>>> print(open('entry-v7.tsv').read())   # TSV, C-alpha atoms
chain	number	residue	atom	x	y	z
A	258	MET	CA	22.05	-21.21	-6.46
A	259	THR	CA	20.33	-24.25	-7.90
A	260	LEU	CA	16.73	-24.05	-9.12
A	261	THR	CA	15.56	-25.89	-5.99
A	262	GLN	CA	17.37	-23.41	-3.76
A	263	GLN	CA	15.83	-20.52	-5.67
A	264	ILE	CA	12.36	-21.99	-5.22
A	265	ILE	CA	13.01	-22.38	-1.48
A	266	ILE	CA	14.11	-18.72	-1.20
A	267	ILE	CA	11.04	-17.51	-3.10
A	268	GLY	CA	8.90	-19.81	-0.92
A	269	CYS	CA	10.35	-18.19	2.22
A	270	VAL	CA	9.51	-14.73	0.88
A	271	VAL	CA	5.97	-15.88	0.07
A	272	LEU	CA	5.64	-17.40	3.56
A	273	GLY	CA	6.95	-14.23	5.21
A	274	THR	CA	4.53	-12.03	3.26
A	275	LEU	CA	1.59	-14.36	4.00
A	276	THR	CA	2.52	-14.26	7.70
A	277	THR	CA	2.40	-10.45	7.86
A	278	ARG	CA	-0.93	-10.37	6.04
A	279	PHE	CA	-2.74	-13.24	7.79
A	280	LEU	CA	-1.43	-13.02	11.37
A	281	PRO	CA	-3.97	-10.46	12.69
A	282	PHE	CA	-6.83	-12.54	11.26
A	283	ILE	CA	-5.46	-15.77	12.75
A	284	ILE	CA	-4.99	-14.25	16.22
A	285	PHE	CA	-8.32	-12.38	16.30
A	286	ASN	CA	-10.57	-14.81	14.48
A	287	ASN	CA	-14.30	-14.47	13.99
A	288	ASP	CA	-15.40	-16.79	16.77
A	289	LYS	CA	-14.33	-14.70	19.72
A	290	GLU	CA	-14.97	-11.04	20.39
A	291	THR	CA	-12.06	-8.80	19.32
A	292	PRO	CA	-10.44	-7.24	22.44
A	293	SER	CA	-11.38	-3.59	22.91
A	294	TYR	CA	-7.75	-2.45	22.67
A	295	ILE	CA	-7.42	-4.05	19.22
A	296	LYS	CA	-10.73	-2.52	18.14
A	297	TYR	CA	-9.41	0.83	19.27
A	298	LEU	CA	-6.23	0.30	17.23
A	299	GLY	CA	-8.23	-0.79	14.18
A	300	TYR	CA	-10.24	2.41	14.48
A	301	MET	CA	-7.25	4.70	15.02
A	302	LEU	CA	-4.57	3.12	12.82
A	303	PRO	CA	-5.68	3.93	9.23
A	304	PRO	CA	-4.99	7.71	9.35
A	305	ALA	CA	-1.63	7.05	11.01
A	306	VAL	CA	-0.78	4.39	8.40
A	307	PHE	CA	-1.65	6.81	5.55
A	308	GLY	CA	0.80	9.27	7.15
A	309	LEU	CA	3.41	6.53	7.33
A	310	LEU	CA	2.86	5.69	3.64
A	311	VAL	CA	3.31	9.35	2.62
A	312	VAL	CA	6.63	9.50	4.46
A	313	TYR	CA	7.57	6.06	3.08
A	314	ALA	CA	6.91	7.23	-0.51
A	315	LEU	CA	9.06	10.34	0.06
A	316	ARG	CA	11.78	8.63	2.12
A	317	GLU	CA	14.54	9.13	-0.48
A	318	VAL	CA	14.02	12.91	-0.59
A	319	GLU	CA	17.09	14.74	0.70
A	320	LEU	CA	17.38	18.35	1.69
A	321	THR	CA	20.98	18.60	0.46
A	322	THR	CA	20.57	19.95	-3.09
A	323	VAL	CA	17.72	21.91	-4.68
A	324	SER	CA	16.96	19.29	-7.35
A	325	SER	CA	16.65	16.54	-4.71
A	326	PHE	CA	13.64	17.97	-2.92
A	327	VAL	CA	12.09	20.91	-4.82
A	328	PRO	CA	10.23	18.81	-7.48
A	329	GLU	CA	8.64	16.66	-4.76
A	330	MET	CA	7.80	19.72	-2.66
A	331	LEU	CA	6.17	21.58	-5.58
A	332	ALA	CA	4.26	18.52	-6.80
A	333	VAL	CA	2.92	17.74	-3.31
A	334	GLY	CA	2.00	21.43	-2.99
A	335	LEU	CA	0.06	21.31	-6.24
A	336	ILE	CA	-1.75	18.13	-5.14
A	337	ILE	CA	-2.83	19.83	-1.90
A	338	VAL	CA	-4.14	22.90	-3.78
A	339	LEU	CA	-5.90	20.80	-6.44
A	340	HIS	CA	-7.47	18.50	-3.89
A	341	TYR	CA	-8.82	21.28	-1.66
A	342	TRP	CA	-10.09	23.08	-4.74
A	343	LYS	CA	-11.76	20.29	-6.77
A	344	LYS	CA	-11.87	17.32	-4.35
A	345	ASN	CA	-11.39	15.01	-7.34
A	346	MET	CA	-9.02	12.17	-6.55
A	347	LEU	CA	-8.05	11.30	-10.12
A	348	LEU	CA	-7.52	14.95	-11.07
A	349	SER	CA	-5.26	15.56	-8.05
A	350	ILE	CA	-3.20	12.42	-8.71
A	351	ALA	CA	-2.87	12.97	-12.47
A	352	GLY	CA	-2.15	16.70	-12.08
A	353	GLY	CA	0.53	16.13	-9.45
A	354	THR	CA	2.20	13.30	-11.38
A	355	ILE	CA	2.28	15.09	-14.76
A	356	PHE	CA	3.60	18.26	-13.08
A	357	TYR	CA	6.31	16.19	-11.34
A	358	MET	CA	7.31	14.51	-14.63
A	359	ILE	CA	7.61	17.91	-16.34
A	360	LEU	CA	9.73	19.19	-13.46
A	361	VAL	CA	12.19	16.28	-13.38
A	362	GLN	CA	12.41	15.94	-17.17
A	363	MET	CA	12.61	19.58	-18.23
A	364	VAL	CA	13.32	21.89	-15.30
A	365	PHE	CA	15.61	20.16	-12.81
B	95	MET	CA	-25.44	-11.99	-6.50
B	96	SER	CA	-26.69	-11.68	-10.10
B	97	PHE	CA	-24.52	-11.16	-13.16
B	98	GLU	CA	-25.86	-7.57	-13.51
B	99	ASN	CA	-24.87	-6.85	-9.92
B	100	HIS	CA	-21.36	-8.12	-10.59
B	101	ILE	CA	-21.07	-5.83	-13.61
B	102	ALA	CA	-22.39	-2.88	-11.59
B	103	THR	CA	-19.90	-3.58	-8.79
B	104	LEU	CA	-17.03	-3.92	-11.25
B	105	LYS	CA	-18.06	-0.67	-12.93
B	106	TYR	CA	-18.08	1.03	-9.54
B	107	ALA	CA	-14.71	-0.45	-8.52
B	108	PHE	CA	-12.73	0.16	-11.70
B	109	PRO	CA	-12.53	4.01	-11.58
B	110	LYS	CA	-11.16	3.82	-8.02
B	111	THR	CA	-8.28	1.72	-9.31
B	112	ILE	CA	-7.25	3.91	-12.28
B	113	PRO	CA	-4.33	5.59	-10.45
B	114	ILE	CA	-3.10	2.11	-9.56
B	115	LEU	CA	-3.53	0.95	-13.16
B	116	ALA	CA	-1.08	3.72	-14.11
B	117	GLY	CA	1.30	3.13	-11.22
B	118	PHE	CA	1.37	-0.66	-11.26
B	119	THR	CA	1.71	-0.94	-15.02
B	120	PHE	CA	4.71	1.34	-14.83
B	121	LEU	CA	6.28	-0.19	-11.72
B	122	GLY	CA	5.48	-3.70	-12.95
B	123	ILE	CA	7.27	-2.98	-16.22
B	124	ALA	CA	10.19	-1.61	-14.21
B	125	TYR	CA	10.25	-4.80	-12.15
B	126	GLY	CA	10.19	-7.00	-15.26
B	127	ILE	CA	13.10	-5.06	-16.75
B	128	TYR	CA	14.97	-5.21	-13.43
B	129	MET	CA	14.63	-9.00	-13.18
B	130	ASN	CA	15.75	-9.26	-16.79
B	131	SER	CA	18.83	-7.19	-16.01
B	132	LEU	CA	19.68	-9.61	-13.18
B	133	GLY	CA	19.56	-12.43	-15.71
B	134	PHE	CA	16.20	-14.00	-14.80
B	135	GLY	CA	13.72	-14.99	-17.51
B	136	PRO	CA	10.07	-13.85	-17.67
B	137	ALA	CA	8.84	-16.87	-15.67
B	138	TYR	CA	10.63	-15.64	-12.53
B	139	ALA	CA	9.23	-12.10	-12.62
B	140	ILE	CA	5.71	-13.24	-13.49
B	141	LEU	CA	5.49	-16.07	-10.94
B	142	MET	CA	6.98	-13.90	-8.19
B	143	SER	CA	4.41	-11.17	-8.94
B	144	ILE	CA	1.59	-13.71	-8.69
B	145	PHE	CA	2.76	-15.44	-5.52
B	146	ILE	CA	4.58	-12.76	-3.52
B	147	PHE	CA	2.55	-9.75	-4.73
B	148	ALA	CA	4.38	-7.21	-2.58
B	149	GLY	CA	6.17	-4.72	-4.81
B	150	SER	CA	9.19	-3.58	-2.83
B	151	MET	CA	9.74	-7.09	-1.45
B	152	GLU	CA	9.90	-8.53	-4.98
B	153	PHE	CA	12.76	-6.22	-5.89
B	154	VAL	CA	14.61	-7.35	-2.75
B	155	ALA	CA	13.83	-11.01	-3.50
B	156	GLY	CA	15.37	-10.62	-6.95
B	157	SER	CA	18.68	-9.56	-5.46
B	158	MET	CA	18.44	-12.30	-2.79
B	159	LEU	CA	18.37	-14.94	-5.52
B	160	LEU	CA	21.84	-13.79	-6.56
B	161	GLY	CA	23.27	-13.98	-3.04
B	162	ALA	CA	24.15	-16.85	-0.72
B	163	PHE	CA	21.47	-19.49	-0.03
B	164	ASN	CA	19.98	-18.42	3.31
B	165	PRO	CA	16.26	-19.24	3.71
B	166	LEU	CA	15.97	-18.09	7.33
B	167	SER	CA	17.32	-14.64	6.61
B	168	ALA	CA	15.06	-14.40	3.54
B	169	PHE	CA	12.07	-15.16	5.78
B	170	LEU	CA	13.10	-12.74	8.54
B	171	LEU	CA	13.93	-9.92	6.14
B	172	THR	CA	10.50	-10.36	4.55
B	173	LEU	CA	8.81	-10.12	7.96
B	174	MET	CA	10.68	-6.88	8.62
B	175	ILE	CA	10.04	-5.23	5.26
B	176	ASN	CA	6.37	-6.23	5.23
B	177	ALA	CA	5.64	-5.67	8.93
B	178	ARG	CA	3.32	-2.76	8.05
B	179	HIS	CA	0.79	-5.33	6.75
B	180	LEU	CA	0.10	-6.22	10.40
B	181	PHE	CA	-1.43	-2.76	10.83
B	182	TYR	CA	-3.53	-3.25	7.70
B	183	GLY	CA	-4.89	-6.53	9.05
B	184	ILE	CA	-5.78	-5.01	12.43
B	185	SER	CA	-7.59	-2.17	10.63
B	186	MET	CA	-9.58	-4.54	8.41
B	187	LEU	CA	-10.63	-7.14	11.05
B	188	ASP	CA	-14.19	-5.83	11.18
B	189	LYS	CA	-14.57	-4.93	7.49
B	190	PHE	CA	-13.66	-8.48	6.41
B	191	LYS	CA	-16.15	-10.13	8.79
B	192	GLY	CA	-19.00	-12.04	7.22
B	193	ILE	CA	-17.93	-11.82	3.58
B	194	GLY	CA	-17.32	-15.55	3.13
B	195	LYS	CA	-14.42	-17.29	1.40
B	196	LYS	CA	-13.46	-14.14	-0.55
B	197	LYS	CA	-11.87	-12.99	2.68
B	198	TYR	CA	-8.84	-15.25	2.18
B	199	TYR	CA	-8.05	-13.74	-1.20
B	200	LEU	CA	-8.62	-10.21	0.15
B	201	ILE	CA	-6.05	-10.86	2.89
B	202	TYR	CA	-3.63	-12.54	0.48
B	203	GLY	CA	-3.82	-9.64	-1.99
B	204	MET	CA	-3.71	-6.78	0.52
B	205	CYS	CA	-0.82	-4.67	-0.75
B	206	ASP	CA	-0.40	-1.00	0.28
B	207	GLU	CA	-2.53	0.39	-2.53
B	208	THR	CA	-5.34	-2.15	-2.17
B	209	PHE	CA	-5.49	-1.54	1.58
B	210	VAL	CA	-5.67	2.21	1.00
B	211	ILE	CA	-8.68	1.89	-1.32
B	212	ASN	CA	-10.52	-0.85	0.58
B	213	SER	CA	-10.11	0.81	3.97
B	214	THR	CA	-11.35	4.23	2.87
B	215	GLU	CA	-14.16	3.29	0.50
B	216	LYS	CA	-17.71	3.26	1.82
B	217	ALA	CA	-19.62	1.61	-1.00
B	218	PRO	CA	-23.21	2.84	-1.54
B	219	ALA	CA	-26.12	0.62	-0.56
B	220	HIS	CA	-26.63	-1.04	-3.94
B	221	ILE	CA	-22.98	-2.14	-4.08
B	222	ASN	CA	-21.93	-5.23	-2.13
B	223	SER	CA	-18.89	-4.14	-0.16
B	224	GLY	CA	-17.30	-7.61	-0.05
B	225	TRP	CA	-17.42	-7.98	-3.83
B	226	PHE	CA	-16.31	-4.37	-4.28
B	227	MET	CA	-13.17	-5.09	-2.24
B	228	PHE	CA	-12.68	-8.35	-4.14
B	229	TYR	CA	-12.73	-6.56	-7.51
B	230	VAL	CA	-10.38	-3.81	-6.30
B	231	THR	CA	-7.94	-6.46	-5.07
B	232	ILE	CA	-8.02	-8.59	-8.20
B	233	LEU	CA	-7.84	-5.60	-10.58
B	234	ASN	CA	-4.79	-4.29	-8.75
B	235	GLN	CA	-3.10	-7.67	-8.88
B	236	LEU	CA	-3.90	-7.98	-12.60
B	237	TYR	CA	-2.29	-4.57	-13.24
B	238	TRP	CA	0.83	-5.59	-11.36
B	239	VAL	CA	1.18	-9.01	-12.97
B	240	GLY	CA	0.33	-7.49	-16.37
B	241	GLY	CA	2.98	-4.79	-16.01
B	242	THR	CA	5.55	-7.35	-14.90
B	243	THR	CA	4.72	-9.53	-17.89
B	244	ILE	CA	5.05	-6.65	-20.35
B	245	GLY	CA	8.31	-5.51	-18.73
B	246	SER	CA	9.94	-8.91	-18.71
B	247	LEU	CA	8.92	-9.66	-22.32
B	248	PHE	CA	9.18	-6.30	-24.09
B	249	GLY	CA	10.93	-4.02	-21.58
B	250	SER	CA	13.57	-2.77	-23.97
B	251	ALA	CA	10.93	-1.48	-26.41
B	252	VAL	CA	9.45	1.19	-24.09
B	253	ALA	CA	10.00	4.34	-26.14
B	254	PHE	CA	8.68	7.44	-24.36
B	255	ASN	CA	10.39	9.17	-21.47
B	256	THR	CA	8.84	7.77	-18.30
B	257	GLU	CA	11.13	9.53	-15.84
B	258	GLY	CA	9.07	10.66	-12.86
B	259	LEU	CA	6.05	8.43	-13.58
B	260	GLU	CA	6.74	6.49	-10.39
B	261	PHE	CA	5.53	9.60	-8.53
B	262	VAL	CA	1.95	8.45	-9.23
B	263	MET	CA	2.13	6.16	-6.16
B	264	THR	CA	3.37	9.02	-3.97
B	265	ALA	CA	0.54	11.17	-5.34
B	266	LEU	CA	-1.99	8.44	-4.48
B	267	PHE	CA	-0.79	8.23	-0.86
B	268	VAL	CA	-0.77	12.03	-0.49
B	269	VAL	CA	-4.32	12.29	-1.85
B	270	ILE	CA	-5.60	9.51	0.41
B	271	PHE	CA	-3.99	11.22	3.38
B	272	LEU	CA	-5.58	14.56	2.40
B	273	ASP	CA	-8.99	12.96	1.89
B	274	GLN	CA	-8.81	11.43	5.36
B	275	TRP	CA	-7.62	14.77	6.79
B	276	MET	CA	-10.54	16.66	5.24
B	277	LYS	CA	-13.19	14.35	6.62
B	278	GLU	CA	-11.88	13.57	10.11
B	279	ARG	CA	-12.97	15.55	13.18
B	280	TYR	CA	-9.68	15.26	15.06
B	281	HIS	CA	-6.35	15.04	13.28
B	282	VAL	CA	-4.58	13.34	16.16
B	283	SER	CA	-3.97	9.98	14.42
B	284	SER	CA	-2.87	11.60	11.14
B	285	VAL	CA	-0.46	13.84	13.03
B	286	VAL	CA	0.85	10.89	15.03
B	287	GLY	CA	1.46	8.94	11.79
B	288	ILE	CA	3.32	11.74	10.01
B	289	GLY	CA	5.20	12.86	13.13
B	290	ALA	CA	6.32	9.37	14.20
B	291	SER	CA	7.40	8.50	10.64
B	292	ILE	CA	9.45	11.67	10.13
B	293	LEU	CA	11.04	11.33	13.56
B	294	SER	CA	11.93	7.70	12.82
B	295	LEU	CA	13.20	8.55	9.32
B	296	VAL	CA	15.53	11.23	10.71
B	297	ILE	CA	16.91	8.87	13.37
B	298	PHE	CA	17.07	5.54	11.50
B	299	GLY	CA	17.34	6.56	7.84
B	300	PRO	CA	15.29	5.51	4.78
B	301	GLU	CA	16.22	1.81	4.89
B	302	ASN	CA	15.26	1.04	8.49
B	303	PHE	CA	12.66	3.51	9.64
B	304	ILE	CA	9.38	1.62	9.18
B	305	ILE	CA	9.44	-0.72	12.18
B	306	PRO	CA	10.61	1.97	14.66
B	307	ALA	CA	7.91	4.26	13.22
B	308	MET	CA	5.28	1.52	13.80
B	309	VAL	CA	6.47	1.11	17.40
B	310	ILE	CA	6.28	4.88	18.04
B	311	ILE	CA	2.77	4.99	16.50
B	312	LEU	CA	1.62	2.10	18.72
B	313	ILE	CA	3.05	3.73	21.85
B	314	ALA	CA	1.55	7.12	21.01
B	315	LEU	CA	-1.92	5.72	20.22
B	316	THR	CA	-1.85	3.60	23.39
B	317	LEU	CA	-0.92	6.60	25.55
B	318	ILE	CA	-3.79	8.74	24.23
B	319	ARG	CA	-6.41	5.97	24.33
B	320	LYS	CA	-8.17	7.23	27.47
B	321	VAL	CA	-8.52	10.74	26.05
B	322	ILE	CA	-9.76	9.52	22.67
B	323	GLU	CA	-12.31	7.10	24.09
B	324	LYS	CA	-13.76	9.87	26.28
B	325	ARG	CA	-14.29	12.10	23.26
B	326	GLU	CA	-15.37	9.70	20.57
B	327	VAL	CA	-17.76	6.80	20.55
B	328	ILE	CA	-15.96	3.72	19.31
B	329	SER	CA	-18.19	0.90	18.28
>>> encode(input="entry-v7.tsv", output="structure tokens")
Amino acid sequence: MTLTQQIIIIGCVVLGTLTTRFLPFIIFNNDKETPSYIKYLGYMLPPAVFGLLVVYALREVELTTVSSFVPEMLAVGLIIVLHYWKKNMLLSIAGGTIFYMILVQMVF
Amino acid sequence: MSFENHIATLKYAFPKTIPILAGFTFLGIAYGIYMNSLGFGPAYAILMSIFIFAGSMEFVAGSMLLGAFNPLSAFLLTLMINARHLFYGISMLDKFKGIGKKKYYLIYGMCDETFVINSTEKAPAHINSGWFMFYVTILNQLYWVGGTTIGSLFGSAVAFNTEGLEFVMTALFVVIFLDQWMKERYHVSSVVGIGASILSLVIFGPENFIIPAMVIILIALTLIRKVIEKREVIS
């Protein structure tokens, strides 16, 4: 690819990303009242999206061999325990991540 | 807003972004090294991080640059990979109202992690929520661009064993999900999100499951609308 072609490709990726981010705001702009169905979705979507992101982050986990899912399972388990216990976001994230690193580097 | 207020807002925003400082520095370095390994100089990685600012898409874009020249497929593939941003926008329509020109940057910089923080945070009264979201967004982008810069310039010099550090992003999403779970009255939307995503992952596999999962979520939420609106007051 020439430099110009590369710039065009990157430009298309930028344009695609901008489209996905701006489209809802262009369709439902400030001037008119947001339809009640969209308001309902805006209210209901965040918890569902957080669920989607959890699954997205763990999408490569396979149940085929022990080392391919046990570290993730244990680390997520620890995060759940830590978070219910201390309710401290940074502690839960740091604890889970360090535990996961120990598991994949030294145990599995 | 006064200078002191800006400092106070920044001080309030920064701690919320610490997990992302860790994750983006690491992933940004990884991206810089990756682009280097494909044969692209630092300018590519850095400029792509500034202008695209969508982590997974930047990795894909790197490999696209080595393939055949096909702008339309680059555009369409980007729409598919980043389709989840549409849900972020719909969720933030009200929160971004009335915050002035900052709104355009907030939309431009709304990656997964920034959306997660800005959509869950209820800033206290003395903190301006528009500026809070602005600082979260710009800090996160600085971390990402900074990591990319370090990785593309000095990637080979990283000495300690970072295997597993990428899990910090997974941990962030799990904690946000848990936080939401602990404060919500009904878990119906959380359950729909997890259930639809796992179902879609099993059927379509890790590369293609996001859009089908979004469709299932939309259908499920639409079907239960009547029940939800009877039980909860939606403003």
>>> residues_around(input="entry-v7.tsv", residues="region 315-324 of chain A", least_positions_apart="2", cutoff="6 Å", atoms="only C-alpha atoms", output="MDAnalysis selection string")
(chainID A and resid 312:313 326:327 365) or (chainID B and resid 300)
>>> atom_distance(input="entry-v7.tsv", atom1="CA of Leu310 (chain A)", atom2="CA of Lys320 (chain B)")
26.3 Å
>>> interface_residues(input="entry-v7.tsv", of="chain B", to="chain A", cutoff="6 Å", atoms="only C-alpha atoms", output="PyMOL selection string")
chain B and resi 146+165+169+172-173+177+179-180+183-185+258+261-262+264-268+271+283-284+287-288+291+300
>>> write_last_selection(input="entry-v7.tsv", atoms="C-alpha atoms", output="mmCIF file, in the frame of the given file")
data_model
loop_
_atom_site.group_PDB
_atom_site.id
_atom_site.type_symbol
_atom_site.label_atom_id
_atom_site.label_comp_id
_atom_site.auth_asym_id
_atom_site.auth_seq_id
_atom_site.Cartn_x
_atom_site.Cartn_y
_atom_site.Cartn_z
ATOM 1 C CA ILE B 146 4.580 -12.760 -3.520
ATOM 2 C CA PRO B 165 16.260 -19.240 3.710
ATOM 3 C CA PHE B 169 12.070 -15.160 5.780
ATOM 4 C CA THR B 172 10.500 -10.360 4.550
ATOM 5 C CA LEU B 173 8.810 -10.120 7.960
ATOM 6 C CA ALA B 177 5.640 -5.670 8.930
ATOM 7 C CA HIS B 179 0.790 -5.330 6.750
ATOM 8 C CA LEU B 180 0.100 -6.220 10.400
ATOM 9 C CA GLY B 183 -4.890 -6.530 9.050
ATOM 10 C CA ILE B 184 -5.780 -5.010 12.430
ATOM 11 C CA SER B 185 -7.590 -2.170 10.630
ATOM 12 C CA GLY B 258 9.070 10.660 -12.860
ATOM 13 C CA PHE B 261 5.530 9.600 -8.530
ATOM 14 C CA VAL B 262 1.950 8.450 -9.230
ATOM 15 C CA THR B 264 3.370 9.020 -3.970
ATOM 16 C CA ALA B 265 0.540 11.170 -5.340
ATOM 17 C CA LEU B 266 -1.990 8.440 -4.480
ATOM 18 C CA PHE B 267 -0.790 8.230 -0.860
ATOM 19 C CA VAL B 268 -0.770 12.030 -0.490
ATOM 20 C CA PHE B 271 -3.990 11.220 3.380
ATOM 21 C CA SER B 283 -3.970 9.980 14.420
ATOM 22 C CA SER B 284 -2.870 11.600 11.140
ATOM 23 C CA GLY B 287 1.460 8.940 11.790
ATOM 24 C CA ILE B 288 3.320 11.740 10.010
ATOM 25 C CA SER B 291 7.400 8.500 10.640
ATOM 26 C CA PRO B 300 15.290 5.510 4.780
#
>>> residues_around(input="entry-v7.tsv", residues="Trp225 (chain B)", least_positions_apart="6", cutoff="9 Å", atoms="all atoms listed in the file", output="list in words")
His100, Thr103, Leu104, Ile193 and Lys196 of chain B
>>> closest_residue(input="entry-v7.tsv", among="B:Met204, B:Met227, B:Ala155, B:Leu247", to="Ala137 (chain B)", atoms="all atoms listed in the file")
B:Leu247
>>> closest_residue(input="entry-v7.tsv", among="B:Glu260, B:Val286, B:Ser294, B:Gly299", to="Gly117 (chain B)", atoms="all atoms listed in the file")
B:Glu260
>>> atom_distance(input="entry-v7.tsv", atom1="CA of Asn99 (chain B)", atom2="CA of Phe226 (chain B)")
10.5 Å
>>> axis_aligned_box(input="entry-v7.tsv", around="region 305-321 of chain A", padding_each_side="8 Å", output="JSON")
{"center_x": 9.7, "center_y": 11.5, "center_z": 5.2, "size_x": 38.6, "size_y": 30.2, "size_z": 27.6}
>>> closest_residue(input="entry-v7.tsv", among="B:Leu259, B:Ile318, B:Val239, B:Ala102", to="Ala148 (chain B)", atoms="only C-alpha atoms")
B:Val239
>>> atom_distance(input="entry-v7.tsv", atom1="CA of Gly149 (chain B)", atom2="CA of Ala251 (chain B)")
22.4 Å
>>> residues_near_point(input="entry-v7.tsv", point="(-14.2, -0.4, -0.2)", cutoff="12 Å", atoms="all atoms listed in the file", output="PyMOL selection string")
chain B and resi 103-104+106-108+110-111+186+189-190+200+207-219+221-231
>>> build_atoms(input="entry-v7.tsv", residues="region 309-315 of chain A", atoms="all heavy atoms", output="PDB file, in the frame of the given file")
ATOM      1  N   LEU A 309       2.195   7.338   7.495  1.00  0.00           N
ATOM      2  CA  LEU A 309       3.410   6.530   7.330  1.00  0.00           C
ATOM      3  C   LEU A 309       3.707   6.272   5.854  1.00  0.00           C
ATOM      4  O   LEU A 309       4.861   6.350   5.411  1.00  0.00           O
ATOM      5  CB  LEU A 309       3.249   5.199   8.094  1.00  0.00           C
ATOM      6  CG  LEU A 309       4.340   4.142   7.929  1.00  0.00           C
ATOM      7  CD1 LEU A 309       5.646   4.587   8.571  1.00  0.00           C
ATOM      8  CD2 LEU A 309       3.923   2.805   8.531  1.00  0.00           C
ATOM      9  N   LEU A 310       2.666   5.981   5.068  1.00  0.00           N
ATOM     10  CA  LEU A 310       2.860   5.690   3.640  1.00  0.00           C
ATOM     11  C   LEU A 310       3.339   6.930   2.877  1.00  0.00           C
ATOM     12  O   LEU A 310       4.151   6.820   1.956  1.00  0.00           O
ATOM     13  CB  LEU A 310       1.575   5.139   3.020  1.00  0.00           C
ATOM     14  CG  LEU A 310       1.254   3.686   3.377  1.00  0.00           C
ATOM     15  CD1 LEU A 310      -0.144   3.303   2.899  1.00  0.00           C
ATOM     16  CD2 LEU A 310       2.289   2.729   2.777  1.00  0.00           C
ATOM     17  N   VAL A 311       2.842   8.119   3.257  1.00  0.00           N
ATOM     18  CA  VAL A 311       3.310   9.350   2.620  1.00  0.00           C
ATOM     19  C   VAL A 311       4.806   9.523   2.867  1.00  0.00           C
ATOM     20  O   VAL A 311       5.584   9.775   1.945  1.00  0.00           O
ATOM     21  CB  VAL A 311       2.521  10.584   3.139  1.00  0.00           C
ATOM     22  CG1 VAL A 311       3.187  11.880   2.691  1.00  0.00           C
ATOM     23  CG2 VAL A 311       1.087  10.534   2.651  1.00  0.00           C
ATOM     24  N   VAL A 312       5.204   9.349   4.121  1.00  0.00           N
ATOM     25  CA  VAL A 312       6.630   9.500   4.460  1.00  0.00           C
ATOM     26  C   VAL A 312       7.449   8.404   3.774  1.00  0.00           C
ATOM     27  O   VAL A 312       8.540   8.664   3.254  1.00  0.00           O
ATOM     28  CB  VAL A 312       6.831   9.470   5.995  1.00  0.00           C
ATOM     29  CG1 VAL A 312       8.309   9.529   6.349  1.00  0.00           C
ATOM     30  CG2 VAL A 312       6.077  10.626   6.640  1.00  0.00           C
ATOM     31  N   TYR A 313       6.896   7.185   3.731  1.00  0.00           N
ATOM     32  CA  TYR A 313       7.570   6.060   3.080  1.00  0.00           C
ATOM     33  C   TYR A 313       7.810   6.365   1.594  1.00  0.00           C
ATOM     34  O   TYR A 313       8.897   6.142   1.062  1.00  0.00           O
ATOM     35  CB  TYR A 313       6.708   4.812   3.244  1.00  0.00           C
ATOM     36  CG  TYR A 313       7.192   3.582   2.514  1.00  0.00           C
ATOM     37  CD1 TYR A 313       8.340   2.916   2.935  1.00  0.00           C
ATOM     38  CD2 TYR A 313       6.487   3.072   1.423  1.00  0.00           C
ATOM     39  CE1 TYR A 313       8.774   1.781   2.285  1.00  0.00           C
ATOM     40  CE2 TYR A 313       6.914   1.936   0.763  1.00  0.00           C
ATOM     41  CZ  TYR A 313       8.052   1.297   1.194  1.00  0.00           C
ATOM     42  OH  TYR A 313       8.475   0.172   0.532  1.00  0.00           O
ATOM     43  N   ALA A 314       6.791   6.933   0.922  1.00  0.00           N
ATOM     44  CA  ALA A 314       6.910   7.230  -0.510  1.00  0.00           C
ATOM     45  C   ALA A 314       7.941   8.340  -0.758  1.00  0.00           C
ATOM     46  O   ALA A 314       8.564   8.398  -1.817  1.00  0.00           O
ATOM     47  CB  ALA A 314       5.552   7.629  -1.084  1.00  0.00           C
ATOM     48  N   LEU A 315       8.133   9.210   0.235  1.00  0.00           N
ATOM     49  CA  LEU A 315       9.060  10.340   0.060  1.00  0.00           C
ATOM     50  C   LEU A 315      10.366  10.126   0.822  1.00  0.00           C
ATOM     51  O   LEU A 315      11.126  11.064   1.018  1.00  0.00           O
ATOM     52  CB  LEU A 315       8.379  11.636   0.551  1.00  0.00           C
ATOM     53  CG  LEU A 315       7.173  12.109  -0.283  1.00  0.00           C
ATOM     54  CD1 LEU A 315       6.399  13.186   0.457  1.00  0.00           C
ATOM     55  CD2 LEU A 315       7.631  12.623  -1.646  1.00  0.00           C
TER      56      LEU A 315
END
